file structure.tsv (TSV, C-alpha atoms and all ligand atoms)
chain	number	residue	atom	x	y	z
A	1	MET	CA	13.69	37.88	14.62
A	2	LEU	CA	13.87	35.74	11.52
A	3	LYS	CA	16.78	36.21	9.18
A	4	CYS	CA	16.69	36.12	5.41
A	5	ARG	CA	18.26	32.66	5.52
A	6	ASP	CA	15.30	31.43	7.61
A	7	ILE	CA	12.88	32.80	5.04
A	8	GLY	CA	14.53	30.67	2.38
A	9	GLN	CA	14.06	27.60	4.55
A	10	LEU	CA	10.42	28.36	5.33
A	11	LEU	CA	9.57	29.44	1.81
A	12	TYR	CA	8.32	26.10	0.53
A	13	ASP	CA	5.90	25.55	3.42
A	14	TYR	CA	4.83	29.17	3.27
A	15	VAL	CA	3.93	29.00	-0.40
A	16	GLU	CA	2.21	25.63	0.09
A	17	GLY	CA	0.16	27.25	2.82
A	18	VAL	CA	1.14	24.74	5.51
A	19	LEU	CA	3.17	26.97	7.80
A	20	ASP	CA	1.99	27.20	11.42
A	21	PRO	CA	0.25	30.55	11.95
A	22	PRO	CA	2.73	31.91	14.55
A	23	ILE	CA	5.69	31.23	12.28
A	24	ARG	CA	3.82	32.58	9.30
A	25	GLN	CA	3.25	35.78	11.22
A	26	GLN	CA	6.95	36.09	11.99
A	27	LEU	CA	7.76	35.47	8.36
A	28	GLU	CA	5.35	38.11	7.20
A	29	GLN	CA	6.80	40.53	9.72
A	30	HIS	CA	10.21	39.97	8.20
A	31	LEU	CA	8.80	40.45	4.71
A	32	ALA	CA	7.22	43.73	5.73
A	33	ASP	CA	10.60	45.37	5.91
A	34	CYS	CA	12.83	43.27	3.72
A	35	PRO	CA	12.48	44.15	0.02
A	36	GLY	CA	15.00	41.44	-0.92
A	37	CYS	CA	12.91	38.68	0.61
A	38	ILE	CA	9.68	40.09	-0.82
A	39	ALA	CA	11.25	40.00	-4.27
A	40	PHE	CA	12.49	36.47	-3.62
A	41	VAL	CA	9.07	35.23	-2.47
A	42	ASN	CA	7.20	37.00	-5.29
A	43	THR	CA	9.44	35.62	-8.00
A	44	TYR	CA	9.33	32.12	-6.47
A	45	ARG	CA	5.55	32.26	-6.59
A	46	GLN	CA	5.56	33.68	-10.09
A	47	THR	CA	7.75	30.82	-11.27
A	48	ILE	CA	5.09	28.39	-10.06
A	49	THR	CA	2.27	30.41	-11.64
A	50	LEU	CA	4.01	30.59	-15.00
A	51	SER	CA	4.73	26.86	-14.94
A	52	LYS	CA	1.11	26.02	-14.17
A	53	GLU	CA	-0.01	28.10	-17.09
A	54	LEU	CA	2.21	26.06	-19.39
A	55	ARG	CA	-0.09	23.11	-18.95
A	56	GLU	CA	-2.55	23.59	-21.75
A	57	GLU	CA	-1.04	22.49	-24.99
A	58	GLU	CA	-3.38	21.07	-27.57
A	59	ILE	CA	-2.28	17.88	-29.21
A	60	PRO	CA	-1.59	18.57	-32.90
A	61	GLN	CA	-4.05	16.91	-35.24
A	62	GLU	CA	-1.26	15.23	-37.09
A	63	LEU	CA	-0.11	13.47	-33.93
A	64	GLN	CA	-3.66	12.47	-33.13
A	65	GLN	CA	-3.97	10.78	-36.49
A	66	LYS	CA	-0.59	9.09	-36.20
A	67	LEU	CA	-1.61	7.71	-32.83
A	68	GLN	CA	-4.84	6.35	-34.24
A	69	SER	CA	-3.20	4.64	-37.15
A	70	PHE	CA	-0.51	3.21	-34.87
A	71	ILE	CA	-3.20	1.70	-32.65
A	72	LYS	CA	-5.16	0.34	-35.60
A	73	GLU	CA	-2.04	-1.27	-36.96
A	74	LYS	CA	-1.23	-2.81	-33.60
A	75	LEU	CA	-4.75	-4.17	-33.22
A	76	HIS	CA	-4.61	-5.81	-36.59
A	77	GLU	CA	-1.11	-7.14	-36.27
A	78	PRO	CA	-1.24	-10.83	-37.05
A	79	GLY	CA	-1.23	-12.79	-33.86
A	80	PHE	CA	-2.38	-10.07	-31.47
A	81	TRP	CA	-5.85	-11.46	-30.87
A	82	SER	CA	-4.78	-15.07	-30.86
A	83	ARG	CA	-2.00	-14.29	-28.35
A	84	LEU	CA	-4.58	-12.55	-26.29
A	85	ARG	CA	-7.04	-15.43	-26.44
A	86	THR	CA	-4.38	-17.84	-25.28
A	87	ARG	CA	-3.66	-15.54	-22.38
A	88	LEU	CA	-7.32	-15.03	-21.50
A	89	THR	CA	-8.23	-18.69	-21.65
A	90	GLY	CA	-4.98	-19.61	-19.90
B	1	MET	CA	-18.46	8.39	-28.59
B	2	SER	CA	-19.50	10.30	-25.50
B	3	PRO	CA	-17.03	10.18	-22.59
B	4	LEU	CA	-17.24	7.07	-20.42
B	5	ASP	CA	-16.69	7.15	-16.70
B	6	ASP	CA	-13.50	5.48	-15.54
B	7	GLN	CA	-15.19	2.35	-14.16
B	8	GLU	CA	-17.01	1.67	-17.40
B	9	LEU	CA	-13.87	2.39	-19.38
B	10	ILE	CA	-11.76	0.03	-17.30
B	11	SER	CA	-14.17	-2.88	-17.44
B	12	ARG	CA	-14.58	-2.55	-21.18
B	13	LEU	CA	-10.83	-2.25	-21.67
B	14	LYS	CA	-10.41	-5.45	-19.68
B	15	LYS	CA	-12.64	-7.13	-22.26
B	16	LYS	CA	-10.34	-5.68	-24.94
B	17	ASP	CA	-13.11	-3.60	-26.41
B	18	GLU	CA	-11.62	-1.56	-29.27
B	19	ALA	CA	-14.19	1.20	-28.96
B	20	ALA	CA	-13.22	1.59	-25.32
B	21	LEU	CA	-9.61	2.02	-26.39
B	22	GLU	CA	-10.71	4.78	-28.73
B	23	ALA	CA	-12.65	6.40	-25.91
B	24	LEU	CA	-9.64	6.11	-23.60
B	25	ILE	CA	-7.46	7.85	-26.15
B	26	ALA	CA	-10.00	10.60	-26.74
B	27	GLN	CA	-10.27	11.20	-23.01
B	28	TYR	CA	-6.60	11.10	-22.06
B	29	GLU	CA	-4.53	11.98	-25.13
B	30	THR	CA	-4.27	15.67	-24.27
B	31	LYS	CA	-3.06	14.88	-20.75
B	32	VAL	CA	-0.52	12.32	-21.89
B	33	PHE	CA	0.66	14.54	-24.71
B	34	GLY	CA	1.12	17.49	-22.37
B	35	LEU	CA	3.11	15.40	-19.96
B	36	ALA	CA	5.27	13.94	-22.71
B	37	VAL	CA	6.08	17.36	-24.16
B	38	ARG	CA	7.00	18.75	-20.76
B	39	PHE	CA	9.26	15.82	-20.07
B	40	THR	CA	11.03	15.64	-23.41
B	41	GLY	CA	10.71	19.15	-24.82
B	42	ASN	CA	9.78	17.99	-28.30
B	43	HIS	CA	6.91	16.58	-30.34
B	44	GLN	CA	8.80	13.74	-31.92
B	45	ASP	CA	9.51	12.03	-28.62
B	46	ALA	CA	6.01	12.89	-27.45
B	47	GLU	CA	4.62	11.02	-30.42
B	48	GLU	CA	6.43	7.82	-29.50
B	49	ILE	CA	5.52	8.21	-25.86
B	50	LEU	CA	1.83	8.60	-26.74
B	51	GLN	CA	1.88	5.38	-28.73
B	52	ASP	CA	3.74	3.43	-26.06
B	53	VAL	CA	1.54	4.69	-23.26
B	54	PHE	CA	-1.83	3.85	-24.82
B	55	TRP	CA	-0.69	0.49	-26.09
B	56	THR	CA	0.77	-0.35	-22.67
B	57	ILE	CA	-2.48	0.60	-20.97
B	58	PHE	CA	-4.45	-1.59	-23.33
B	59	GLU	CA	-2.11	-4.53	-22.84
B	60	LYS	CA	-1.63	-4.13	-19.09
B	61	ILE	CA	-5.11	-3.07	-18.05
B	62	ASP	CA	-5.52	-6.34	-16.14
B	63	THR	CA	-2.80	-5.26	-13.75
B	64	PHE	CA	-4.79	-2.18	-12.72
B	65	ARG	CA	-6.29	-3.14	-9.37
B	66	GLY	CA	-8.12	0.04	-8.60
B	67	GLU	CA	-5.87	0.93	-5.66
B	68	SER	CA	-5.25	4.37	-7.08
B	69	LYS	CA	-7.24	6.69	-9.28
B	70	PHE	CA	-7.24	5.54	-12.89
B	71	SER	CA	-5.72	8.86	-13.96
B	72	SER	CA	-2.86	8.36	-11.44
B	73	TRP	CA	-2.16	4.98	-12.95
B	74	ILE	CA	-2.09	6.52	-16.41
B	75	TYR	CA	0.24	9.28	-15.19
B	76	ARG	CA	2.48	6.64	-13.68
B	77	ILE	CA	2.73	4.71	-16.94
B	78	ALA	CA	3.29	7.90	-18.91
B	79	THR	CA	5.99	9.05	-16.49
B	80	ASN	CA	7.78	5.71	-16.67
B	81	VAL	CA	7.65	5.59	-20.45
B	82	ALA	CA	8.97	9.16	-20.67
B	83	LEU	CA	11.74	8.52	-18.16
B	84	MET	CA	12.80	5.36	-19.95
B	85	LYS	CA	13.18	7.34	-23.14
B	86	LEU	CA	15.06	10.16	-21.42
B	87	ARG	CA	17.49	7.83	-19.66
B	88	LYS	CA	18.91	6.99	-23.07
B	89	ARG	CA	20.00	10.59	-23.49
B	90	PRO	CA	23.32	11.86	-22.16
B	91	LYS	CA	23.04	12.39	-18.44
B	92	ILE	CA	22.38	15.85	-17.11
B	93	ARG	CA	24.79	17.11	-14.51
B	94	GLU	CA	23.39	17.80	-11.08
B	95	ILE	CA	21.78	21.12	-10.29
B	96	PRO	CA	23.37	23.33	-7.64
B	97	LEU	CA	22.53	22.97	-3.96
B	98	GLU	CA	19.65	24.86	-2.43
B	99	GLU	CA	21.87	27.48	-0.82
B	100	GLU	CA	23.48	28.27	-4.15
B	101	LEU	CA	20.17	28.75	-5.91
B	102	GLY	CA	18.76	31.54	-3.75
B	103	PRO	CA	20.12	35.06	-3.25
B	104	ALA	CA	23.65	35.29	-1.83
B	105	MET	CA	23.64	35.65	1.98
B	106	THR	CA	25.99	37.46	4.34
B	107	GLU	CA	27.67	35.44	7.05
B	108	ASP	CA	24.94	36.31	9.53
B	109	GLY	CA	22.18	35.15	7.20
B	110	MET	CA	20.93	38.34	5.57
B	111	ILE	CA	20.51	38.87	1.82
B	112	ALA	CA	23.75	40.30	0.48
B	113	GLU	CA	22.68	41.50	-2.96
B	114	PRO	CA	19.78	43.37	-4.50
B	115	VAL	CA	17.03	40.96	-5.60
B	116	VAL	CA	15.05	42.09	-8.62
B	117	ASP	CA	11.32	41.54	-8.39
B	118	TRP	CA	10.46	40.59	-11.96
B	119	SER	CA	7.15	38.98	-11.01
B	120	ARG	CA	5.14	41.98	-12.17
B	121	LEU	CA	7.34	42.40	-15.19
B	122	ALA	CA	6.31	38.94	-16.25
B	123	ASP	CA	2.70	40.06	-16.47
B	124	GLU	CA	3.29	43.34	-18.18
B	125	GLU	CA	6.43	43.73	-20.16
B	126	LEU	CA	8.13	40.49	-20.88
B	127	ASP	CA	7.34	38.60	-24.01
B	128	ARG	CA	5.17	35.82	-22.69
B	129	LYS	CA	6.03	33.41	-25.45
B	130	GLU	CA	9.71	33.87	-24.91
B	131	LEU	CA	9.21	33.45	-21.17
B	132	ASP	CA	7.36	30.16	-21.70
B	133	HIS	CA	10.12	29.08	-24.02
B	134	ARG	CA	12.63	29.87	-21.28
B	135	ILE	CA	10.70	27.81	-18.76
B	136	GLU	CA	10.52	24.88	-21.14
B	137	GLY	CA	14.24	25.17	-21.74
B	138	ALA	CA	14.95	25.30	-18.02
B	139	ILE	CA	12.75	22.25	-17.34
B	140	GLY	CA	14.89	20.42	-19.88
B	141	LEU	CA	17.97	21.24	-17.81
B	142	LEU	CA	16.57	19.63	-14.67
B	143	PRO	CA	17.91	16.19	-13.76
B	144	LEU	CA	15.16	13.59	-14.20
B	145	ASP	CA	14.39	13.10	-10.50
B	146	TYR	CA	13.68	16.80	-10.23
B	147	ARG	CA	11.97	17.11	-13.56
B	148	SER	CA	9.41	14.41	-12.84
B	149	VAL	CA	8.43	15.99	-9.54
B	150	PHE	CA	8.24	19.45	-11.06
B	151	VAL	CA	6.23	18.42	-14.12
B	152	LEU	CA	3.65	16.41	-12.20
B	153	ARG	CA	3.23	18.84	-9.33
B	154	ASP	CA	3.75	22.31	-10.76
B	155	VAL	CA	2.93	21.93	-14.44
B	156	GLU	CA	0.22	19.27	-14.32
B	157	GLY	CA	-1.02	20.55	-10.99
B	158	LEU	CA	-1.33	17.21	-9.17
B	159	SER	CA	-1.38	17.26	-5.38
B	160	ALA	CA	1.77	16.51	-3.39
B	161	GLU	CA	0.23	13.23	-2.19
B	162	GLU	CA	-0.73	12.05	-5.65
B	163	THR	CA	2.66	13.02	-7.06
B	164	SER	CA	4.52	11.17	-4.31
B	165	ARG	CA	2.42	8.06	-4.90
B	166	ILE	CA	2.91	8.14	-8.66
B	167	LEU	CA	6.68	8.53	-8.31
B	168	ARG	CA	6.85	6.24	-5.25
B	169	ILE	CA	8.88	8.72	-3.23
B	170	SER	CA	8.33	10.11	0.26
B	171	ILE	CA	6.69	13.49	0.83
B	172	ALA	CA	10.01	14.67	2.28
B	173	ALA	CA	11.88	13.70	-0.88
B	174	LEU	CA	9.21	15.34	-3.00
B	175	LYS	CA	9.46	18.53	-1.01
B	176	SER	CA	13.22	18.84	-1.25
B	177	ARG	CA	13.34	18.04	-4.97
B	178	LEU	CA	10.44	20.30	-5.82
B	179	HIS	CA	11.86	23.20	-3.85
B	180	ARG	CA	15.22	22.88	-5.55
B	181	ALA	CA	13.61	22.55	-8.96
B	182	ARG	CA	11.59	25.69	-8.34
B	183	LEU	CA	14.63	27.59	-7.13
B	184	PHE	CA	16.55	26.48	-10.18
B	185	LEU	CA	13.81	27.63	-12.53
B	186	ARG	CA	13.39	30.88	-10.66
B	187	LYS	CA	17.07	31.56	-11.09
B	188	GLN	CA	16.96	30.77	-14.79
B	189	LEU	CA	14.06	33.17	-15.24
B	190	ALA	CA	15.71	35.80	-13.07
B	191	ASP	CA	18.82	35.59	-15.22
B	192	TYR	CA	16.69	35.93	-18.33
B	193	THR	CA	14.79	38.98	-17.11
B	194	GLN	CA	18.02	40.74	-16.29
B	195	VAL	CA	19.78	40.23	-19.57
B	196	PRO	CA	19.73	43.35	-21.79
B	197	GLN	CA	17.46	42.89	-24.80
B	198	SER	CA	20.24	43.01	-27.40
B	199	SER	CA	22.22	40.08	-26.02
B	200	LEU	CA	18.92	38.24	-25.52
B	201	GLU	CA	18.30	38.33	-29.22
B	202	ALA	CA	21.82	37.19	-29.99
B	203	ASP	CA	21.30	34.27	-27.63
B	204	GLN	CA	18.10	33.13	-29.29
B	205	VAL	CA	19.89	32.39	-32.52
B	206	GLY	CA	21.52	29.33	-31.03
B	207	MET	CA	18.39	28.03	-29.33
B	208	LYS	CA	15.95	25.91	-31.24
B	209	LYS	CA	12.83	24.63	-29.62
B	210	ASP	CA	13.07	21.05	-30.73
B	211	GLU	CA	16.70	20.56	-29.91
B	212	PRO	CA	17.17	17.83	-27.32
B	213	HIS	CA	18.50	19.25	-24.12
B	214	ALA	CA	21.95	17.95	-23.43
C	301	ZN	ZN	15.02	39.18	4.26
call {"tool": "encode", "arguments": {"input": "structure.tsv", "output": "structure tokens"}}
result
Amino acid sequence: MLKCRDIGQLLYDYVEGVLDPPIRQQLEQHLADCPGCIAFVNTYRQTITLSKELREEEIPQELQQKLQSFIKEKLHEPGFWSRLRTRLTG
Amino acid sequence: MSPLDDQELISRLKKKDEAALEALIAQYETKVFGLAVRFTGNHQDAEEILQDVFWTIFEKIDTFRGESKFSSWIYRIATNVALMKLRKRPKIREIPLEEELGPAMTEDGMIAEPVVDWSRLADEELDRKELDHRIEGAIGLLPLDYRSVFVLRDVEGLSAEETSRILRISIAALKSRLHRARLFLRKQLADYTQVPQSSLEADQVGMKKDEPHA
């Protein structure tokens, strides 16, 4: 019989879906009658889900424009192209 | 300009084609911005990171040998630029050990305290914006080694292999850091969901989004 402590140690592989089937079965058996571990596993998973959903943040237009003007300025900095030519031609 | 495929983009960047630089920015700015915000927690740092990253790519494109995906290379540059910036901030103390981040255990290895399952609550009752804000705050509390793994893998959704290559760490190191980072965040969220609403509001007063995380 797996103990709660074992569940904690197997949790990462379980959630990643890489646990060997026999061990996964044992783990799920433990979960079936351990509300504490179910809550632990569910909230661990939910933490990952919520973090994934953070991903989409649109870049503000203002930052987009600042980036473009920064790049333009850099490109037209005196010496940039000549430095580059020296490097390219060796 | 319509999107260019990576090969086309790379070869034109190597010829220092300005239009290709514009195309590169259009194609990758959202990704780089997202990464920068997750790492630093504010737009001002993200702005500087964006500029550094795209200029570095343009200058260093010759060093890209095609051994990894182009996007991995970009992620690697972005991560390094972000970390360099963050290393100038006061150092974050370590996060607790794995055993201290999960539920308390009895001596014979069974859970010793009630564990609240707030995972459903998160869908239904909790203020989603505030929850996101909490996650962002908690990410800012992670030491950098943990934060980089967590941001690339769990927020950006890269595979374990790609993340380990970008950060140049072993899969074993990735696994242990990611697991601890997740446990730490889970605990932060668990604490949040169990705080009575009134003290929650009092707490918000002192928390501004753009404040650097000490
Ligand atoms: Zn249990």
call {"tool": "interface_residues", "arguments": {"input": "structure.tsv", "of": "chain B", "to": "chain A", "cutoff": "6 Å", "atoms": "all atoms listed in the file", "output": "compact mmCIF listing (two decimals) with C-alpha atoms, in the frame of the given file"}}
result
# COMPACT_ATOMS: atom_id res chain seq x y z
CA THR B 30 -4.27 15.67 -24.27
CA GLN B 51 1.88 5.38 -28.73
CA GLY B 109 22.18 35.15 7.20
CA MET B 110 20.93 38.34 5.57
CA ILE B 111 20.51 38.87 1.82
CA VAL B 115 17.03 40.96 -5.60
CA ASP B 117 11.32 41.54 -8.39
CA SER B 119 7.15 38.98 -11.01
CA ASP B 154 3.75 22.31 -10.76
CA VAL B 155 2.93 21.93 -14.44
CA ARG B 186 13.39 30.88 -10.66
call {"tool": "residues_around", "arguments": {"input": "structure.tsv", "residues": "range 138-145 of chain B", "least_positions_apart": "4", "cutoff": "9 Å", "atoms": "all atoms listed in the file", "output": "NGL selection string"}}
result
:B and (38-41 or 83 or 86-87 or 91-95 or 133-134 or 149-151 or 177 or 181 or 184-185 or 188-189 or 212-214)
call {"tool": "atom_distance", "arguments": {"input": "structure.tsv", "atom1": "CA of Glu28 in chain A", "atom2": "CA of Gly102 in chain B"}}
result
18.5 Å
call {"tool": "closest_residue", "arguments": {"input": "structure.tsv", "among": "B:Ala82, B:Thr106, B:Ser164, B:Tyr146", "to": "ligand ZN 301 (chain C)", "atoms": "only C-alpha atoms and all ligand atoms"}}
result
B:Thr106
call {"tool": "closest_residue", "arguments": {"input": "structure.tsv", "among": "B:Glu98, B:Pro114, B:Ala46, B:Leu152", "to": "ligand ZN 301 (chain C)", "atoms": "all atoms listed in the file"}}
result
B:Pro114
call {"tool": "residues_near_point", "arguments": {"input": "structure.tsv", "point": "(-0.4, 6.3, -25.1)", "cutoff": "8 Å", "atoms": "only C-alpha atoms", "output": "MDAnalysis selection string"}}
result
(chainID A and resid 67) or (chainID B and resid 25 29 32 49:57 78)
call {"tool": "atom_distance", "arguments": {"input": "structure.tsv", "atom1": "CA of Arg83 in chain A", "atom2": "CA of Lys15 in chain B"}}
result
14.2 Å
call {"tool": "atom_distance", "arguments": {"input": "structure.tsv", "atom1": "CA of Asp17 in chain B", "atom2": "CA of Gln61 in chain A"}}
result
24.1 Å
call {"tool": "closest_residue", "arguments": {"input": "structure.tsv", "among": "B:Glu161, B:Gln194, B:Ala112, B:Glu130", "to": "ligand ZN 301 (chain C)", "atoms": "all atoms listed in the file"}}
result
B:Ala112
call {"tool": "closest_residue", "arguments": {"input": "structure.tsv", "among": "B:Leu158, B:Ala104, B:Leu121, B:Ile74", "to": "ligand ZN 301 (chain C)", "atoms": "all atoms listed in the file"}}
result
B:Ala104
call {"tool": "closest_residue", "arguments": {"input": "structure.tsv", "among": "A:Leu10, A:Gln65, A:His76, A:Asp20", "to": "ligand ZN 301 (chain C)", "atoms": "all atoms listed in the file"}}
result
A:Leu10
call {"tool": "closest_residue", "arguments": {"input": "structure.tsv", "among": "B:Glu48, B:Glu67, B:Asp108, B:Glu59", "to": "ligand ZN 301 (chain C)", "atoms": "only C-alpha atoms and all ligand atoms"}}
result
B:Asp108
